>>> print(open('final.txt').read())   # compact mmCIF, N, CA and C atoms
# COMPACT_ATOMS: atom_id res chain seq x y z
N MET A 1 -6.73 -35.81 13.58
CA MET A 1 -6.37 -34.94 12.46
C MET A 1 -6.42 -33.47 12.83
N PRO A 2 -7.48 -32.97 13.52
CA PRO A 2 -7.50 -31.56 13.86
C PRO A 2 -6.33 -31.14 14.73
N ILE A 3 -5.87 -32.00 15.62
CA ILE A 3 -4.76 -31.64 16.51
C ILE A 3 -3.48 -31.44 15.70
N ALA A 4 -3.17 -32.31 14.78
CA ALA A 4 -1.98 -32.19 13.95
C ALA A 4 -2.07 -30.91 13.10
N TYR A 5 -3.27 -30.62 12.60
CA TYR A 5 -3.46 -29.41 11.79
C TYR A 5 -3.21 -28.17 12.63
N ASP A 6 -3.75 -28.13 13.88
CA ASP A 6 -3.53 -26.99 14.76
C ASP A 6 -2.06 -26.79 15.05
N ALA A 7 -1.33 -27.88 15.24
CA ALA A 7 0.10 -27.79 15.51
C ALA A 7 0.83 -27.21 14.31
N LYS A 8 0.44 -27.63 13.11
CA LYS A 8 1.06 -27.10 11.90
C LYS A 8 0.79 -25.59 11.77
N VAL A 9 -0.45 -25.19 12.03
CA VAL A 9 -0.82 -23.78 11.94
C VAL A 9 -0.03 -22.97 12.96
N THR A 10 0.06 -23.49 14.19
CA THR A 10 0.81 -22.79 15.23
C THR A 10 2.28 -22.67 14.84
N ASN A 11 2.86 -23.74 14.33
CA ASN A 11 4.27 -23.70 13.91
C ASN A 11 4.47 -22.72 12.76
N MET A 12 3.50 -22.66 11.84
CA MET A 12 3.60 -21.71 10.73
C MET A 12 3.51 -20.28 11.24
N LYS A 13 2.65 -20.03 12.23
CA LYS A 13 2.53 -18.68 12.79
C LYS A 13 3.83 -18.27 13.46
N ILE A 14 4.40 -19.18 14.22
CA ILE A 14 5.67 -18.88 14.91
C ILE A 14 6.75 -18.61 13.88
N ALA A 15 6.82 -19.44 12.84
CA ALA A 15 7.83 -19.24 11.80
C ALA A 15 7.64 -17.89 11.11
N SER A 16 6.38 -17.51 10.88
CA SER A 16 6.10 -16.22 10.24
C SER A 16 6.55 -15.05 11.10
N VAL A 17 6.29 -15.14 12.39
CA VAL A 17 6.71 -14.08 13.31
C VAL A 17 8.22 -13.96 13.33
N ILE A 18 8.91 -15.10 13.38
CA ILE A 18 10.38 -15.09 13.39
C ILE A 18 10.91 -14.51 12.08
N ALA A 19 10.31 -14.89 10.97
CA ALA A 19 10.76 -14.39 9.67
C ALA A 19 10.55 -12.88 9.57
N CYS A 20 9.40 -12.41 10.04
CA CYS A 20 9.13 -10.96 10.02
C CYS A 20 10.12 -10.21 10.89
N ALA A 21 10.39 -10.74 12.06
CA ALA A 21 11.35 -10.10 12.96
C ALA A 21 12.73 -10.05 12.33
N ALA A 22 13.12 -11.13 11.68
CA ALA A 22 14.43 -11.17 11.02
C ALA A 22 14.49 -10.14 9.90
N LEU A 23 13.40 -10.02 9.14
CA LEU A 23 13.38 -9.03 8.07
C LEU A 23 13.49 -7.61 8.62
N VAL A 24 12.74 -7.34 9.66
CA VAL A 24 12.76 -6.00 10.25
C VAL A 24 14.15 -5.68 10.80
N LEU A 25 14.71 -6.61 11.52
CA LEU A 25 16.04 -6.38 12.10
C LEU A 25 17.11 -6.32 11.03
N GLY A 26 16.99 -7.18 10.04
CA GLY A 26 17.97 -7.21 8.97
C GLY A 26 17.85 -6.02 8.05
N ALA A 27 16.65 -5.50 7.86
CA ALA A 27 16.43 -4.38 6.96
C ALA A 27 17.05 -3.09 7.48
N SER A 28 17.24 -3.02 8.79
CA SER A 28 17.79 -1.79 9.35
C SER A 28 19.24 -1.60 8.97
N GLY A 29 19.95 -2.66 8.67
CA GLY A 29 21.34 -2.55 8.26
C GLY A 29 22.16 -1.82 9.30
N THR A 30 23.10 -0.99 8.84
CA THR A 30 23.95 -0.27 9.76
C THR A 30 23.57 1.20 9.88
N ALA A 31 22.60 1.64 9.11
CA ALA A 31 22.19 3.04 9.16
C ALA A 31 21.44 3.32 10.45
N SER A 32 21.68 4.48 11.04
CA SER A 32 20.94 4.86 12.23
C SER A 32 19.94 5.95 11.87
N ALA A 33 19.06 6.21 12.79
CA ALA A 33 17.95 7.13 12.53
C ALA A 33 18.41 8.56 12.22
N ASP A 34 19.59 8.94 12.65
CA ASP A 34 20.03 10.32 12.45
C ASP A 34 21.05 10.46 11.32
N GLU A 35 21.13 9.49 10.44
CA GLU A 35 22.02 9.57 9.29
C GLU A 35 21.20 9.88 8.04
N PHE A 36 21.53 11.01 7.39
CA PHE A 36 20.79 11.44 6.22
C PHE A 36 21.76 11.77 5.11
N THR A 37 21.32 11.57 3.90
CA THR A 37 22.14 11.95 2.75
C THR A 37 21.93 13.43 2.47
N LYS A 38 22.83 14.00 1.70
CA LYS A 38 22.67 15.40 1.29
C LYS A 38 21.40 15.56 0.47
N GLU A 39 21.07 14.54 -0.31
CA GLU A 39 19.85 14.57 -1.11
C GLU A 39 18.62 14.59 -0.22
N ASP A 40 18.65 13.77 0.86
CA ASP A 40 17.54 13.77 1.82
C ASP A 40 17.35 15.17 2.39
N LEU A 41 18.43 15.75 2.88
CA LEU A 41 18.35 17.07 3.52
C LEU A 41 17.84 18.13 2.54
N ALA A 42 18.31 18.08 1.31
CA ALA A 42 17.85 19.05 0.31
C ALA A 42 16.37 18.87 0.01
N ARG A 43 15.93 17.62 -0.14
CA ARG A 43 14.52 17.34 -0.43
C ARG A 43 13.64 17.79 0.73
N TRP A 44 14.05 17.48 1.94
CA TRP A 44 13.25 17.84 3.11
C TRP A 44 13.20 19.36 3.30
N GLN A 45 14.31 20.03 3.05
CA GLN A 45 14.32 21.49 3.16
C GLN A 45 13.39 22.11 2.13
N GLU A 46 13.41 21.56 0.92
CA GLU A 46 12.53 22.06 -0.14
C GLU A 46 11.06 21.88 0.26
N GLN A 47 10.73 20.73 0.84
CA GLN A 47 9.35 20.50 1.28
C GLN A 47 8.97 21.47 2.40
N PHE A 48 9.87 21.66 3.36
CA PHE A 48 9.61 22.60 4.46
C PHE A 48 9.42 24.01 3.92
N ASP A 49 10.32 24.44 3.04
CA ASP A 49 10.22 25.78 2.47
C ASP A 49 8.88 25.98 1.75
N GLY A 50 8.41 24.94 1.08
CA GLY A 50 7.11 25.02 0.40
C GLY A 50 5.97 25.19 1.38
N VAL A 51 6.04 24.48 2.51
CA VAL A 51 4.99 24.60 3.54
C VAL A 51 5.02 26.00 4.16
N VAL A 52 6.21 26.52 4.42
CA VAL A 52 6.34 27.87 4.97
C VAL A 52 5.76 28.89 3.99
N LYS A 53 6.06 28.72 2.71
CA LYS A 53 5.52 29.63 1.68
C LYS A 53 4.00 29.55 1.66
N GLU A 54 3.46 28.35 1.76
CA GLU A 54 1.99 28.19 1.81
C GLU A 54 1.43 28.90 3.05
N GLY A 55 2.13 28.77 4.18
CA GLY A 55 1.69 29.43 5.41
C GLY A 55 1.70 30.95 5.27
N ARG A 56 2.72 31.48 4.62
CA ARG A 56 2.78 32.93 4.39
C ARG A 56 1.59 33.37 3.53
N GLY A 57 1.26 32.57 2.54
CA GLY A 57 0.11 32.89 1.70
C GLY A 57 -1.19 32.88 2.49
N LEU A 58 -1.36 31.87 3.36
CA LEU A 58 -2.56 31.80 4.19
C LEU A 58 -2.62 32.96 5.18
N TRP A 59 -1.47 33.38 5.67
CA TRP A 59 -1.38 34.46 6.66
C TRP A 59 -1.97 35.76 6.11
N THR A 60 -1.93 35.89 4.80
CA THR A 60 -2.42 37.11 4.16
C THR A 60 -3.67 36.87 3.30
N ASP A 61 -4.30 35.71 3.48
CA ASP A 61 -5.45 35.32 2.66
C ASP A 61 -6.76 35.50 3.43
N ALA A 62 -7.63 36.35 2.91
CA ALA A 62 -8.91 36.61 3.57
C ALA A 62 -9.84 35.39 3.55
N LYS A 63 -9.55 34.41 2.73
CA LYS A 63 -10.40 33.21 2.65
C LYS A 63 -10.27 32.32 3.88
N LEU A 64 -9.26 32.55 4.69
CA LEU A 64 -9.11 31.78 5.92
C LEU A 64 -10.24 32.10 6.89
N GLY A 65 -10.74 33.30 6.84
CA GLY A 65 -11.88 33.72 7.66
C GLY A 65 -13.09 34.00 6.79
N LYS A 66 -14.08 34.65 7.41
CA LYS A 66 -15.32 34.93 6.67
C LYS A 66 -15.65 36.42 6.61
N ASN A 67 -14.78 37.26 7.17
CA ASN A 67 -15.13 38.68 7.24
C ASN A 67 -14.09 39.60 6.59
N GLY A 68 -13.16 39.04 5.85
CA GLY A 68 -12.15 39.85 5.17
C GLY A 68 -10.92 40.17 6.00
N VAL A 69 -10.92 39.81 7.27
CA VAL A 69 -9.76 40.04 8.13
C VAL A 69 -8.71 38.96 7.85
N VAL A 70 -7.45 39.34 7.89
CA VAL A 70 -6.36 38.38 7.69
C VAL A 70 -5.43 38.40 8.90
N CYS A 71 -4.71 37.31 9.09
CA CYS A 71 -3.77 37.21 10.22
C CYS A 71 -2.80 38.38 10.24
N ALA A 72 -2.32 38.77 9.05
CA ALA A 72 -1.30 39.81 8.94
C ALA A 72 -1.76 41.18 9.40
N GLN A 73 -3.07 41.39 9.52
CA GLN A 73 -3.54 42.69 9.99
C GLN A 73 -3.14 42.92 11.45
N CYS A 74 -3.21 41.90 12.27
CA CYS A 74 -2.80 42.02 13.67
C CYS A 74 -1.34 41.59 13.86
N HIS A 75 -0.88 40.68 13.01
CA HIS A 75 0.44 40.08 13.16
C HIS A 75 1.21 40.11 11.84
N PRO A 76 1.62 41.32 11.37
CA PRO A 76 2.40 41.35 10.13
C PRO A 76 3.69 40.55 10.30
N ASN A 77 3.98 39.73 9.32
CA ASN A 77 5.17 38.85 9.37
C ASN A 77 5.17 38.00 10.64
N ALA A 78 3.99 37.63 11.10
CA ALA A 78 3.81 36.78 12.29
C ALA A 78 4.33 37.46 13.56
N ALA A 79 4.42 38.79 13.55
CA ALA A 79 4.90 39.53 14.71
C ALA A 79 3.99 39.30 15.91
N ASN A 80 4.58 39.28 17.08
CA ASN A 80 3.87 39.17 18.35
C ASN A 80 3.04 37.89 18.48
N THR A 81 3.49 36.83 17.81
CA THR A 81 2.81 35.53 17.96
C THR A 81 3.56 34.65 18.95
N HIS A 82 4.85 34.76 19.01
CA HIS A 82 5.73 34.07 19.95
C HIS A 82 5.49 32.57 20.06
N PRO A 83 5.57 31.83 18.94
CA PRO A 83 5.37 30.38 19.02
C PRO A 83 6.41 29.69 19.91
N GLU A 84 7.53 30.36 20.12
CA GLU A 84 8.59 29.77 20.95
C GLU A 84 8.22 29.73 22.44
N THR A 85 7.13 30.40 22.82
CA THR A 85 6.73 30.44 24.24
C THR A 85 5.62 29.43 24.57
N TYR A 86 5.19 28.68 23.58
CA TYR A 86 4.13 27.67 23.80
C TYR A 86 4.76 26.31 24.05
N PRO A 87 4.07 25.45 24.81
CA PRO A 87 2.78 25.65 25.46
C PRO A 87 2.89 26.62 26.64
N LYS A 88 1.77 27.31 26.89
CA LYS A 88 1.69 28.23 28.02
C LYS A 88 0.22 28.50 28.34
N PHE A 89 -0.02 29.09 29.52
CA PHE A 89 -1.39 29.45 29.87
C PHE A 89 -1.81 30.58 28.96
N GLN A 90 -2.96 30.41 28.34
CA GLN A 90 -3.47 31.42 27.42
C GLN A 90 -4.81 31.92 27.96
N LYS A 91 -4.84 33.18 28.38
CA LYS A 91 -6.02 33.76 29.01
C LYS A 91 -7.28 33.61 28.16
N GLN A 92 -7.17 33.85 26.86
CA GLN A 92 -8.34 33.77 25.98
C GLN A 92 -8.96 32.37 26.00
N LEU A 93 -8.13 31.35 26.20
CA LEU A 93 -8.60 29.96 26.19
C LEU A 93 -8.86 29.42 27.60
N GLY A 94 -8.32 30.10 28.61
CA GLY A 94 -8.52 29.69 29.99
C GLY A 94 -7.81 28.41 30.36
N LYS A 95 -6.71 28.11 29.67
CA LYS A 95 -5.97 26.86 29.94
C LYS A 95 -4.57 26.96 29.35
N VAL A 96 -3.75 25.99 29.70
CA VAL A 96 -2.46 25.84 29.04
C VAL A 96 -2.73 25.29 27.65
N ALA A 97 -2.19 25.95 26.66
CA ALA A 97 -2.50 25.60 25.28
C ALA A 97 -1.23 25.54 24.44
N ASN A 98 -1.33 24.82 23.34
CA ASN A 98 -0.28 24.81 22.32
C ASN A 98 -0.53 25.95 21.34
N PHE A 99 0.48 26.30 20.57
CA PHE A 99 0.38 27.42 19.65
C PHE A 99 -0.75 27.25 18.64
N TRP A 100 -0.94 26.05 18.13
CA TRP A 100 -1.99 25.84 17.13
C TRP A 100 -3.37 26.16 17.70
N GLU A 101 -3.56 25.95 19.00
CA GLU A 101 -4.85 26.26 19.62
C GLU A 101 -5.09 27.77 19.62
N MET A 102 -4.05 28.55 19.82
CA MET A 102 -4.18 30.00 19.78
C MET A 102 -4.41 30.47 18.35
N VAL A 103 -3.78 29.83 17.38
CA VAL A 103 -4.04 30.15 15.98
C VAL A 103 -5.53 29.93 15.70
N ASN A 104 -6.08 28.82 16.19
CA ASN A 104 -7.51 28.56 16.00
C ASN A 104 -8.38 29.62 16.68
N TRP A 105 -7.96 30.08 17.85
CA TRP A 105 -8.72 31.14 18.53
C TRP A 105 -8.81 32.35 17.60
N CYS A 106 -7.68 32.71 17.00
CA CYS A 106 -7.67 33.86 16.10
C CYS A 106 -8.53 33.61 14.85
N ILE A 107 -8.47 32.40 14.33
CA ILE A 107 -9.30 32.08 13.16
C ILE A 107 -10.78 32.21 13.51
N ARG A 108 -11.17 31.70 14.68
CA ARG A 108 -12.59 31.72 15.09
C ARG A 108 -13.06 33.12 15.46
N ASN A 109 -12.21 33.91 16.07
CA ASN A 109 -12.64 35.20 16.61
C ASN A 109 -12.37 36.36 15.67
N PRO A 110 -11.18 36.92 15.61
CA PRO A 110 -11.03 38.06 14.71
C PRO A 110 -11.39 37.74 13.25
N LEU A 111 -11.05 36.54 12.77
CA LEU A 111 -11.31 36.21 11.37
C LEU A 111 -12.72 35.65 11.14
N GLU A 112 -13.38 35.23 12.22
CA GLU A 112 -14.71 34.62 12.14
C GLU A 112 -14.75 33.45 11.17
N GLY A 113 -13.68 32.63 11.21
CA GLY A 113 -13.60 31.47 10.33
C GLY A 113 -13.86 30.18 11.07
N ASP A 114 -13.72 29.09 10.35
CA ASP A 114 -13.91 27.76 10.93
C ASP A 114 -12.56 27.24 11.40
N GLN A 115 -12.55 26.70 12.62
CA GLN A 115 -11.29 26.21 13.17
C GLN A 115 -10.74 25.06 12.34
N LEU A 116 -9.44 24.86 12.46
CA LEU A 116 -8.74 23.80 11.74
C LEU A 116 -8.27 22.75 12.73
N ALA A 117 -8.21 21.51 12.28
CA ALA A 117 -7.63 20.44 13.10
C ALA A 117 -6.13 20.69 13.21
N ALA A 118 -5.53 20.20 14.28
CA ALA A 118 -4.09 20.39 14.49
C ALA A 118 -3.28 19.83 13.34
N ASP A 119 -3.76 18.75 12.73
CA ASP A 119 -3.01 18.12 11.64
C ASP A 119 -3.50 18.54 10.25
N ASP A 120 -4.36 19.54 10.20
CA ASP A 120 -4.81 20.05 8.91
C ASP A 120 -3.61 20.69 8.20
N PRO A 121 -3.40 20.39 6.93
CA PRO A 121 -2.25 20.98 6.22
C PRO A 121 -2.21 22.51 6.30
N LYS A 122 -3.36 23.16 6.35
CA LYS A 122 -3.37 24.62 6.50
C LYS A 122 -2.83 25.03 7.86
N MET A 123 -3.22 24.31 8.92
CA MET A 123 -2.72 24.62 10.26
C MET A 123 -1.22 24.39 10.33
N ILE A 124 -0.77 23.28 9.76
CA ILE A 124 0.66 23.00 9.75
C ILE A 124 1.41 24.11 9.01
N ALA A 125 0.85 24.59 7.91
CA ALA A 125 1.48 25.67 7.16
C ALA A 125 1.51 26.97 7.96
N LEU A 126 0.41 27.31 8.61
CA LEU A 126 0.35 28.54 9.42
C LEU A 126 1.37 28.50 10.56
N VAL A 127 1.40 27.39 11.29
CA VAL A 127 2.32 27.25 12.41
C VAL A 127 3.77 27.23 11.91
N SER A 128 4.01 26.57 10.79
CA SER A 128 5.37 26.53 10.22
C SER A 128 5.84 27.93 9.84
N TYR A 129 4.95 28.69 9.23
CA TYR A 129 5.31 30.05 8.84
C TYR A 129 5.63 30.92 10.05
N ALA A 130 4.75 30.92 11.05
CA ALA A 130 4.97 31.75 12.24
C ALA A 130 6.25 31.33 12.96
N THR A 131 6.49 30.04 13.04
CA THR A 131 7.71 29.54 13.70
C THR A 131 8.94 29.91 12.88
N TRP A 132 8.85 29.81 11.56
CA TRP A 132 9.96 30.18 10.69
C TRP A 132 10.32 31.66 10.88
N GLU A 133 9.32 32.51 10.99
CA GLU A 133 9.57 33.94 11.19
C GLU A 133 10.33 34.20 12.49
N ARG A 134 10.18 33.30 13.46
CA ARG A 134 10.85 33.45 14.77
C ARG A 134 12.11 32.60 14.87
N ARG A 135 12.61 32.10 13.74
CA ARG A 135 13.79 31.23 13.77
C ARG A 135 14.94 31.94 14.47
N GLY A 136 15.67 31.17 15.24
CA GLY A 136 16.80 31.71 15.97
C GLY A 136 16.45 32.24 17.35
N VAL A 137 15.17 32.35 17.66
CA VAL A 137 14.75 32.84 18.97
C VAL A 137 14.75 31.66 19.95
N LYS A 138 15.26 31.90 21.13
CA LYS A 138 15.35 30.86 22.16
C LYS A 138 13.98 30.32 22.54
N LEU A 139 13.87 29.00 22.67
CA LEU A 139 12.63 28.39 23.15
C LEU A 139 12.42 28.74 24.62
N GLU A 140 11.24 29.20 24.97
CA GLU A 140 10.92 29.53 26.35
C GLU A 140 9.47 29.17 26.66
N PRO A 141 9.16 27.86 26.67
CA PRO A 141 7.77 27.45 26.96
C PRO A 141 7.29 28.06 28.28
N GLY A 142 6.05 28.51 28.27
CA GLY A 142 5.43 29.08 29.47
C GLY A 142 5.68 30.55 29.69
N LYS A 143 6.55 31.17 28.89
CA LYS A 143 6.89 32.59 29.09
C LYS A 143 5.77 33.51 28.62
N HIS A 144 5.58 34.59 29.37
CA HIS A 144 4.64 35.64 28.97
C HIS A 144 5.38 36.94 28.82
>>> encode(input="final.txt", output="structure tokens")
Amino acid sequence: MPIAYDAKVTNMKIASVIACAALVLGASGTASADEFTKEDLARWQEQFDGVVKEGRGLWTDAKLGKNGVVCAQCHPNAANTHPETYPKFQKQLGKVANFWEMVNWCIRNPLEGDQLAADDPKMIALVSYATWERRGVKLEPGKH
């Protein structure tokens, strides 16, 4: 009896895997990953614009640090941040770093604040804002 039961369980597992694969493959239909509706693009742009606006607010918010200094004091309108040149060697960090790591350096040092995780919504907003301010500038990773 246990052998017949094991065979049934194994057959059920195989059938489940095949059914799941069929669903996944069938669910994709004919749409490809780079096909978007106008509604999708409008919704995504609205979400991005909101994150950029939040980043602009943080850029000028003394609450990001602990001493009243704001990002905009050294970098008005994200000037001289050059997110398009990252990753690159950053002397202050002593290594090749991504832009968010340099943002954290500024938060920890001039602002005397607590660093943010790379995926923290505030970090994403700050990086989005600085990158948005540099829109149209050629990407040049590693440039100084």
>>> residues_around(input="final.txt", residues="Asn77 (chain A)", least_positions_apart="3", cutoff="9 Å", atoms="only C-alpha atoms", output="list in words")
Arg56, Trp59, Ala72, Tyr129, Ala130 and Glu133 of chain A
>>> atom_distance(input="final.txt", atom1="CA of His82 (chain A)", atom2="CA of Gly142 (chain A)")
10.8 Å
>>> residues_around(input="final.txt", residues="region 112-121 of chain A", least_positions_apart="2", cutoff="6.5 Å", atoms="only N, CA and C atoms", output="JSON, numbers by chain")
{"A": [64, 65, 66, 67, 100, 104, 106, 107, 108, 109, 110, 123, 124, 125, 126]}
>>> atom_distance(input="final.txt", atom1="CA of Phe48 (chain A)", atom2="CA of Val103 (chain A)")
19.4 Å
>>> residues_around(input="final.txt", residues="Thr131 (chain A)", least_positions_apart="6", cutoff="10 Å", atoms="only C-alpha atoms", output="ChimeraX atom specification")
/A:52,78,81-84,99,125,137
>>> atom_distance(input="final.txt", atom1="atom C of Pro141 (chain A)", atom2="atom C of Pro87 (chain A)")
4.9 Å
>>> closest_residue(input="final.txt", among="A:Gln92, A:Asn98, A:Gln45, A:Thr85", to="Leu139 (chain A)", atoms="all atoms listed in the file")
A:Thr85
>>> closest_residue(input="final.txt", among="A:Trp44, A:Leu58, A:Tyr86, A:Glu101", to="Glu140 (chain A)", atoms="only N, CA and C atoms")
A:Tyr86
>>> closest_residue(input="final.txt", among="A:Glu46, A:Asn80, A:Cys71, A:Leu41", to="Arg134 (chain A)", atoms="only C-alpha atoms")
A:Asn80
>>> closest_residue(input="final.txt", among="A:Arg135, A:His144, A:Lys122, A:Lys38", to="Lys63 (chain A)", atoms="only C-alpha atoms")
A:Lys122
